[in-house]
$ cat structure-v5.cif   # mmCIF, C-alpha atoms and all ligand atoms
data_structure
#
loop_
_atom_site.label_atom_id
_atom_site.label_comp_id
_atom_site.auth_asym_id
_atom_site.auth_seq_id
_atom_site.Cartn_x
_atom_site.Cartn_y
_atom_site.Cartn_z
CA MET A 1 2.49 -22.09 -89.06
CA ASN A 2 3.25 -21.25 -85.47
CA SER A 3 0.55 -18.95 -84.14
CA GLN A 4 2.39 -18.23 -80.89
CA PRO A 5 3.33 -14.57 -80.58
CA THR A 6 7.00 -13.80 -81.22
CA SER A 7 8.99 -12.43 -78.31
CA ARG A 8 8.60 -8.92 -79.73
CA GLU A 9 4.82 -9.23 -79.44
CA VAL A 10 4.85 -10.38 -75.83
CA LEU A 11 3.27 -7.81 -73.55
CA LYS A 12 5.79 -6.78 -70.92
CA LEU A 13 4.24 -6.44 -67.48
CA GLY A 14 5.34 -4.75 -64.29
CA VAL A 15 3.57 -5.37 -60.98
CA LEU A 16 3.52 -2.95 -58.05
CA ILE A 17 2.84 -4.36 -54.59
CA SER A 18 2.90 -3.27 -50.96
CA GLY A 19 2.05 -6.38 -49.01
CA GLY A 20 0.87 -9.93 -49.17
CA GLY A 21 1.13 -10.23 -52.90
CA SER A 22 -2.03 -12.31 -53.31
CA THR A 23 -2.74 -10.65 -56.66
CA LEU A 24 0.87 -11.12 -57.76
CA GLU A 25 0.71 -14.77 -56.73
CA ASN A 26 -2.39 -15.29 -58.82
CA LEU A 27 -0.86 -13.61 -61.88
CA LEU A 28 2.28 -15.72 -61.51
CA ALA A 29 0.18 -18.89 -61.38
CA HIS A 30 -1.70 -17.86 -64.52
CA LEU A 31 1.52 -17.06 -66.39
CA ARG A 32 3.21 -20.25 -65.23
CA ASP A 33 0.49 -22.65 -66.31
CA GLY A 34 -0.41 -20.91 -69.54
CA ARG A 35 -3.76 -19.42 -68.54
CA LEU A 36 -2.30 -16.00 -69.36
CA ARG A 37 -0.61 -16.05 -72.74
CA GLY A 38 1.35 -13.52 -74.75
CA ALA A 39 2.54 -11.66 -71.66
CA GLU A 40 5.56 -11.84 -69.40
CA LEU A 41 6.32 -10.35 -66.02
CA ARG A 42 9.44 -8.24 -66.30
CA GLN A 43 9.61 -6.36 -63.02
CA VAL A 44 8.10 -6.30 -59.54
CA ILE A 45 8.24 -3.15 -57.44
CA SER A 46 7.39 -3.21 -53.76
CA SER A 47 6.91 -0.19 -51.55
CA ARG A 48 7.89 -2.34 -48.55
CA GLY A 49 10.93 -4.53 -48.11
CA THR A 50 9.80 -7.23 -45.75
CA VAL A 51 6.51 -8.44 -47.13
CA ARG A 52 5.38 -11.81 -48.42
CA GLY A 53 4.96 -10.43 -51.93
CA VAL A 54 8.69 -9.70 -52.16
CA GLU A 55 9.51 -13.25 -51.06
CA LEU A 56 7.09 -14.65 -53.62
CA ALA A 57 8.62 -12.60 -56.42
CA ARG A 58 12.18 -13.55 -55.45
CA ALA A 59 11.23 -17.21 -55.20
CA ALA A 60 9.84 -16.95 -58.73
CA GLY A 61 13.18 -15.57 -59.89
CA LEU A 62 11.73 -12.19 -60.85
CA PRO A 63 13.57 -8.88 -60.66
CA VAL A 64 12.26 -7.16 -57.52
CA THR A 65 13.06 -3.60 -56.58
CA VAL A 66 12.03 -2.20 -53.22
CA ILE A 67 11.20 1.50 -53.50
CA ARG A 68 10.08 3.01 -50.21
CA ARG A 69 8.32 6.34 -49.99
CA ARG A 70 10.26 7.26 -46.85
CA ASP A 71 13.56 6.96 -48.71
CA HIS A 72 12.48 9.77 -51.05
CA ALA A 73 12.10 13.46 -50.38
CA ASP A 74 8.63 13.78 -51.85
CA ASP A 75 5.99 12.11 -54.03
CA GLY A 76 7.74 13.40 -57.13
CA ALA A 77 11.07 11.76 -56.34
CA PHE A 78 9.34 8.53 -55.24
CA SER A 79 7.28 8.45 -58.44
CA ALA A 80 10.30 9.18 -60.62
CA ALA A 81 12.17 6.26 -59.05
CA ILE A 82 9.26 3.91 -59.83
CA THR A 83 8.98 5.14 -63.40
CA ALA A 84 12.72 4.76 -63.98
CA VAL A 85 12.73 1.13 -62.85
CA LEU A 86 9.66 0.22 -64.90
CA ALA A 87 10.95 1.96 -68.01
CA GLY A 88 14.41 0.44 -67.53
CA ALA A 89 12.85 -3.01 -67.49
CA GLY A 90 10.91 -2.24 -70.66
CA VAL A 91 7.54 -2.52 -68.91
CA GLU A 92 4.66 -1.65 -71.23
CA LEU A 93 1.73 -2.26 -68.87
CA ALA A 94 1.98 -1.59 -65.14
CA LEU A 95 -0.36 -3.47 -62.80
CA LEU A 96 -1.20 -2.13 -59.36
CA ALA A 97 -1.67 -5.16 -57.14
CA GLY A 98 -2.44 -4.04 -53.62
CA PHE A 99 -0.07 -1.08 -54.05
CA LEU A 100 -0.87 1.31 -51.25
CA CYS A 101 1.36 4.26 -52.14
CA PHE A 102 0.83 7.10 -54.53
CA TRP A 103 2.71 6.77 -57.82
CA ARG A 104 2.24 9.91 -59.86
CA ILE A 105 1.77 8.35 -63.26
CA PRO A 106 3.91 10.10 -65.86
CA ALA A 107 2.76 10.87 -69.41
CA ARG A 108 4.65 7.89 -70.82
CA TYR A 109 2.52 5.51 -68.73
CA ALA A 110 -0.80 7.31 -69.08
CA GLY A 111 -3.39 4.74 -70.14
CA ARG A 112 -0.95 1.93 -69.38
CA VAL A 113 -1.58 1.39 -65.68
CA LEU A 114 -4.31 -0.92 -64.38
CA ASN A 115 -5.56 -1.30 -60.84
CA ILE A 116 -7.81 -3.89 -59.25
CA HIS A 117 -10.01 -2.87 -56.37
CA PRO A 118 -12.17 -5.17 -54.23
CA ALA A 119 -15.45 -3.24 -54.63
CA LEU A 120 -17.75 -1.92 -57.30
CA LEU A 121 -16.14 1.45 -57.95
CA PRO A 122 -16.84 4.32 -57.86
CA ARG A 123 -18.27 3.33 -54.47
CA TYR A 124 -16.04 2.16 -51.61
CA GLY A 125 -12.77 3.31 -53.12
CA GLY A 126 -10.17 5.95 -52.43
CA ARG A 127 -7.60 6.56 -49.74
CA GLY A 128 -8.16 4.31 -46.73
CA PHE A 129 -10.31 1.84 -48.66
CA TYR A 130 -8.19 -1.27 -48.84
CA GLY A 131 -8.34 -4.79 -47.48
CA ARG A 132 -11.02 -5.44 -44.87
CA HIS A 133 -11.89 -1.73 -44.60
CA VAL A 134 -13.61 -2.00 -47.98
CA HIS A 135 -15.70 -5.01 -47.03
CA GLU A 136 -16.59 -3.59 -43.61
CA ALA A 137 -17.91 -0.44 -45.30
CA VAL A 138 -19.95 -2.48 -47.80
CA LEU A 139 -21.49 -4.52 -44.96
CA ALA A 140 -22.14 -1.45 -42.80
CA ALA A 141 -24.03 0.16 -45.68
CA GLY A 142 -26.28 -2.89 -46.00
CA GLU A 143 -25.37 -3.53 -49.63
CA THR A 144 -26.75 -6.70 -51.19
CA GLU A 145 -24.08 -6.78 -53.89
CA SER A 146 -20.36 -6.18 -54.08
CA GLY A 147 -17.60 -7.24 -56.43
CA CYS A 148 -14.38 -6.04 -57.92
CA THR A 149 -13.29 -3.49 -60.47
CA VAL A 150 -10.39 -3.33 -62.91
CA HIS A 151 -9.78 0.23 -64.03
CA LEU A 152 -7.21 2.37 -65.72
CA ALA A 153 -5.41 4.23 -62.98
CA ASP A 154 -5.05 7.98 -63.11
CA ASN A 155 -3.54 10.22 -60.49
CA GLN A 156 -6.27 9.74 -57.88
CA TYR A 157 -6.58 6.69 -55.63
CA ASP A 158 -8.84 3.98 -57.07
CA HIS A 159 -9.93 6.31 -59.84
CA GLY A 160 -10.00 6.21 -63.64
CA PRO A 161 -11.98 4.64 -66.48
CA ILE A 162 -13.54 1.30 -65.58
CA VAL A 163 -12.43 -1.55 -67.82
CA ALA A 164 -14.33 -4.46 -66.23
CA GLN A 165 -16.31 -5.38 -63.13
CA ALA A 166 -17.43 -8.67 -61.62
CA ARG A 167 -20.34 -8.82 -59.18
CA VAL A 168 -20.87 -11.09 -56.20
CA PRO A 169 -23.80 -11.26 -53.77
CA VAL A 170 -23.51 -10.01 -50.21
CA ARG A 171 -25.15 -12.60 -47.96
CA PRO A 172 -27.04 -11.66 -44.78
CA ASP A 173 -24.62 -13.61 -42.58
CA ASP A 174 -21.47 -12.29 -44.25
CA THR A 175 -18.53 -11.04 -42.25
CA ALA A 176 -15.72 -8.97 -43.76
CA GLU A 177 -13.76 -12.23 -44.06
CA THR A 178 -16.42 -14.24 -45.89
CA LEU A 179 -17.17 -11.35 -48.23
CA ALA A 180 -13.44 -10.82 -48.86
CA GLU A 181 -13.12 -14.49 -49.76
CA ARG A 182 -15.98 -14.28 -52.29
CA VAL A 183 -14.69 -11.05 -53.81
CA GLY A 184 -11.18 -12.52 -53.89
CA ILE A 185 -12.37 -15.40 -56.06
CA ALA A 186 -13.86 -12.89 -58.50
CA GLU A 187 -10.63 -10.84 -58.46
CA ARG A 188 -8.50 -13.85 -59.26
CA GLU A 189 -10.56 -14.40 -62.40
CA LEU A 190 -11.12 -10.83 -63.53
CA TYR A 191 -7.60 -9.36 -63.47
CA PRO A 192 -6.01 -12.10 -65.61
CA GLN A 193 -8.98 -11.92 -68.01
CA VAL A 194 -8.47 -8.20 -68.57
CA ILE A 195 -4.70 -8.59 -68.97
CA GLN A 196 -5.32 -11.37 -71.49
CA GLN A 197 -7.53 -8.97 -73.44
CA VAL A 198 -4.74 -6.38 -73.50
CA ALA A 199 -2.25 -9.03 -74.64
CA ASP A 200 -4.63 -10.13 -77.39
CA ARG A 201 -5.89 -6.74 -78.56
CA GLY A 202 -2.88 -4.56 -77.82
CA LEU A 203 -2.42 -1.58 -75.56
CA ALA A 204 -4.45 0.58 -77.94
CA TRP A 205 -7.57 -1.28 -76.74
CA LEU A 206 -7.20 0.43 -73.37
CA ARG A 207 -7.61 3.80 -75.06
CA THR A 208 -11.23 2.88 -75.80
CA PHE A 209 -12.04 3.27 -72.07
CA ARG A 210 -12.68 6.81 -70.99
C1 LIG B 301 -6.52 -7.07 -53.55
O1 LIG B 301 -7.71 -7.49 -52.93
C2 LIG B 301 -6.76 -5.77 -54.27
O2 LIG B 301 -8.05 -5.71 -54.79
C3 LIG B 301 -6.55 -4.76 -53.18
O3 LIG B 301 -5.44 -5.28 -52.47
C4 LIG B 301 -5.53 -6.69 -52.49
C5 LIG B 301 -4.20 -7.34 -52.78
O4 LIG B 301 -3.36 -7.13 -51.72
N1 LIG B 301 -6.31 -3.45 -53.71
C6 LIG B 301 -6.89 -2.35 -53.22
O5 LIG B 301 -7.60 -2.34 -52.25
C7 LIG B 301 -6.57 -1.08 -54.00
N2 LIG B 301 -7.25 0.02 -53.44
P1 LIG B 301 -2.12 -8.12 -51.48
O6 LIG B 301 -1.49 -8.34 -52.81
O7 LIG B 301 -1.27 -7.35 -50.54
O8 LIG B 301 -2.61 -9.39 -50.93
#
$ encode --input "structure-v5.cif" --output "structure tokens" --more "lines below"
Ligand code: GAR
Amino acid sequence: MNSQPTSREVLKLGVLISGGGSTLENLLAHLRDGRLRGAELRQVISSRGTVRGVELARAAGLPVTVIRRRDHADDGAFSAAITAVLAGAGVELALLAGFLCFWRIPARYAGRVLNIHPALLPRYGGRGFYGRHVHEAVLAAGETESGCTVHLADNQYDHGPIVAQARVPVRPDDTAETLAERVGIAERELYPQVIQQVADRGLAWLRTFR
């Protein structure tokens, strides 16, 4: 008997980006070569029009919608536009992937939005903590360990129940670039692993994290 999930059981993903799309690129690679099974990417949303992530998504033949904050009167209208596109595409699990804007998560997506952050939350997260700023802060504090965090997103930046973390050492001679590279390797493993778990166990599994 075929143990592959039927199309109805495939977890429908949406990815939200703002820039380079490195996380999107990694997810696409996993989906393409079968390292992430039982899931499909239905929609990409970008808060910026001219970024590499949009090009990547288009090249992969994915539906991409650019939704810019400045084209909307307020956070509410911006958030409603995002929700409408995701819901219209049938997205069940939304993945923040370097998304730098504020999406006010509506009730229908509560507990169905994941974020990955390049630090061990709850430290070194929140508004302004993205990209090299995170790693510079970790180095400035003299930390000997950093890593990445996958968490359920709520309506605060980089906040919500932690689902998984991966740790990496901080070396004495690290720069923000070398630390970012090490954390990036951990990110590229951790996010697909967590999504695979959701695909295997179902969205209800995410409700066990509080
Ligand atoms: C990733 O390192 C992710 O952890 C980080 O953005 C990077 C992806 O950006 N997210 C955050 O810092 C969230 N606060 P990219 O897709 O533009 O390359």
$ closest_residue --input "structure-v5.cif" --among "A:Thr175, A:Ser18, A:Thr83, A:Asn26" --to "Ser46 in chain A" --atoms "only C-alpha atoms"
A:Ser18
$ residues_near_ligand --input "structure-v5.cif" --ligand "ligand LIG 301 (chain B)" --cutoff "6 Å" --atoms "all atoms listed in the file" --output "VMD selection string"
chain A and resid 18 to 23 97 to 98 116 to 118 129 to 131 158
$ residues_near_point --input "structure-v5.cif" --point "(-13.9, -10.3, -42.8)" --cutoff "12 Å" --atoms "all atoms listed in the file" --output "PyMOL selection string"
chain A and resi 131-139+173-184
$ write_last_selection --input "structure-v5.cif" --atoms "C-alpha atoms" --output "PDB file, keeping the file's coordinate frame"
ATOM      1  CA  GLY A 131      -8.340  -4.790 -47.480  1.00  0.00           C
ATOM      2  CA  ARG A 132     -11.020  -5.440 -44.870  1.00  0.00           C
ATOM      3  CA  HIS A 133     -11.890  -1.730 -44.600  1.00  0.00           C
ATOM      4  CA  VAL A 134     -13.610  -2.000 -47.980  1.00  0.00           C
ATOM      5  CA  HIS A 135     -15.700  -5.010 -47.030  1.00  0.00           C
ATOM      6  CA  GLU A 136     -16.590  -3.590 -43.610  1.00  0.00           C
ATOM      7  CA  ALA A 137     -17.910  -0.440 -45.300  1.00  0.00           C
ATOM      8  CA  VAL A 138     -19.950  -2.480 -47.800  1.00  0.00           C
ATOM      9  CA  LEU A 139     -21.490  -4.520 -44.960  1.00  0.00           C
ATOM     10  CA  ASP A 173     -24.620 -13.610 -42.580  1.00  0.00           C
ATOM     11  CA  ASP A 174     -21.470 -12.290 -44.250  1.00  0.00           C
ATOM     12  CA  THR A 175     -18.530 -11.040 -42.250  1.00  0.00           C
ATOM     13  CA  ALA A 176     -15.720  -8.970 -43.760  1.00  0.00           C
ATOM     14  CA  GLU A 177     -13.760 -12.230 -44.060  1.00  0.00           C
ATOM     15  CA  THR A 178     -16.420 -14.240 -45.890  1.00  0.00           C
ATOM     16  CA  LEU A 179     -17.170 -11.350 -48.230  1.00  0.00           C
ATOM     17  CA  ALA A 180     -13.440 -10.820 -48.860  1.00  0.00           C
ATOM     18  CA  GLU A 181     -13.120 -14.490 -49.760  1.00  0.00           C
ATOM     19  CA  ARG A 182     -15.980 -14.280 -52.290  1.00  0.00           C
ATOM     20  CA  VAL A 183     -14.690 -11.050 -53.810  1.00  0.00           C
ATOM     21  CA  GLY A 184     -11.180 -12.520 -53.890  1.00  0.00           C
TER      22      GLY A 184
END
$ closest_residue --input "structure-v5.cif" --among "A:Pro161, A:Asp33, A:Arg171, A:Arg58" --to "Glu145 in chain A" --atoms "all atoms listed in the file"
A:Arg171
$ residues_around --input "structure-v5.cif" --residues "Ala110 in chain A" --least-positions-apart "3" --cutoff "10 Å" --atoms "only C-alpha atoms" --output "PyMOL selection string"
chain A and resi 93+105-107+113+152-155+207
$ residues_around --input "structure-v5.cif" --residues "range 63-65 of chain A" --least-positions-apart "2" --cutoff "9 Å" --atoms "only C-alpha atoms" --output "number ranges by chain"
A: 42-47, 49, 54, 57-58, 61, 67, 85
$ write_last_selection --input "structure-v5.cif" --atoms "C-alpha atoms" --output "CSV table (one decimal), in the coordinates of the input"
chain,number,residue,atom,x,y,z
A,42,ARG,CA,9.4,-8.2,-66.3
A,43,GLN,CA,9.6,-6.4,-63.0
A,44,VAL,CA,8.1,-6.3,-59.5
A,45,ILE,CA,8.2,-3.2,-57.4
A,46,SER,CA,7.4,-3.2,-53.8
A,47,SER,CA,6.9,-0.2,-51.6
A,49,GLY,CA,10.9,-4.5,-48.1
A,54,VAL,CA,8.7,-9.7,-52.2
A,57,ALA,CA,8.6,-12.6,-56.4
A,58,ARG,CA,12.2,-13.6,-55.4
A,61,GLY,CA,13.2,-15.6,-59.9
A,67,ILE,CA,11.2,1.5,-53.5
A,85,VAL,CA,12.7,1.1,-62.8
$ atom_distance --input "structure-v5.cif" --atom1 "CA of Asp200 in chain A" --atom2 "CA of Gly34 in chain A"
14.0 Å
$ residues_near_point --input "structure-v5.cif" --point "(8.3, -0.5, -66.6)" --cutoff "10 Å" --atoms "all atoms listed in the file" --output "VMD selection string"
chain A and resid 12 to 15 42 to 45 82 to 95 109 112
$ atom_distance --input "structure-v5.cif" --atom1 "CA of Leu206 in chain A" --atom2 "CA of Glu40 in chain A"
18.1 Å
$ atom_distance --input "structure-v5.cif" --atom1 "CA of Arg104 in chain A" --atom2 "CA of Ser79 in chain A"
5.4 Å
$ decode --input "structure-v5.cif" --residues "range 22-35 of chain A" --atoms "N, CA and C atoms" --output "CSV table (one decimal), in the first residue's frame"
chain,number,residue,atom,x,y,z
A,22,SER,N,17.2,33.8,2.1
A,22,SER,CA,18.0,32.6,2.3
A,22,SER,C,17.2,31.5,3.0
A,23,THR,N,16.3,31.8,3.9
A,23,THR,CA,15.5,30.8,4.5
A,23,THR,C,14.5,30.2,3.5
A,24,LEU,N,13.9,31.0,2.7
A,24,LEU,CA,13.1,30.5,1.6
A,24,LEU,C,13.8,29.6,0.7
A,25,GLU,N,15.0,30.0,0.3
A,25,GLU,CA,15.8,29.2,-0.6
A,25,GLU,C,16.1,27.8,0.0
A,26,ASN,N,16.4,27.8,1.3
A,26,ASN,CA,16.7,26.5,2.0
A,26,ASN,C,15.4,25.6,2.0
A,27,LEU,N,14.3,26.2,2.3
A,27,LEU,CA,13.1,25.4,2.3
A,27,LEU,C,12.7,24.9,0.9
A,28,LEU,N,12.9,25.7,-0.1
A,28,LEU,CA,12.7,25.2,-1.5
A,28,LEU,C,13.6,24.0,-1.8
A,29,ALA,N,14.8,24.1,-1.4
A,29,ALA,CA,15.8,23.0,-1.7
A,29,ALA,C,15.3,21.8,-1.0
A,30,HIS,N,14.9,21.9,0.3
A,30,HIS,CA,14.4,20.7,1.0
A,30,HIS,C,13.2,20.1,0.4
A,31,LEU,N,12.2,21.0,-0.1
A,31,LEU,CA,11.0,20.5,-0.7
A,31,LEU,C,11.3,19.8,-2.0
A,32,ARG,N,12.2,20.4,-2.8
A,32,ARG,CA,12.6,19.9,-4.1
A,32,ARG,C,13.2,18.6,-4.1
A,33,ASP,N,14.1,18.4,-3.1
A,33,ASP,CA,14.9,17.1,-3.2
A,33,ASP,C,14.3,16.1,-2.1
A,34,GLY,N,13.1,16.3,-1.6
A,34,GLY,CA,12.5,15.3,-0.8
A,34,GLY,C,12.9,15.2,0.6
A,35,ARG,N,13.7,16.2,1.1
A,35,ARG,CA,14.1,16.2,2.5
A,35,ARG,C,13.0,16.7,3.4
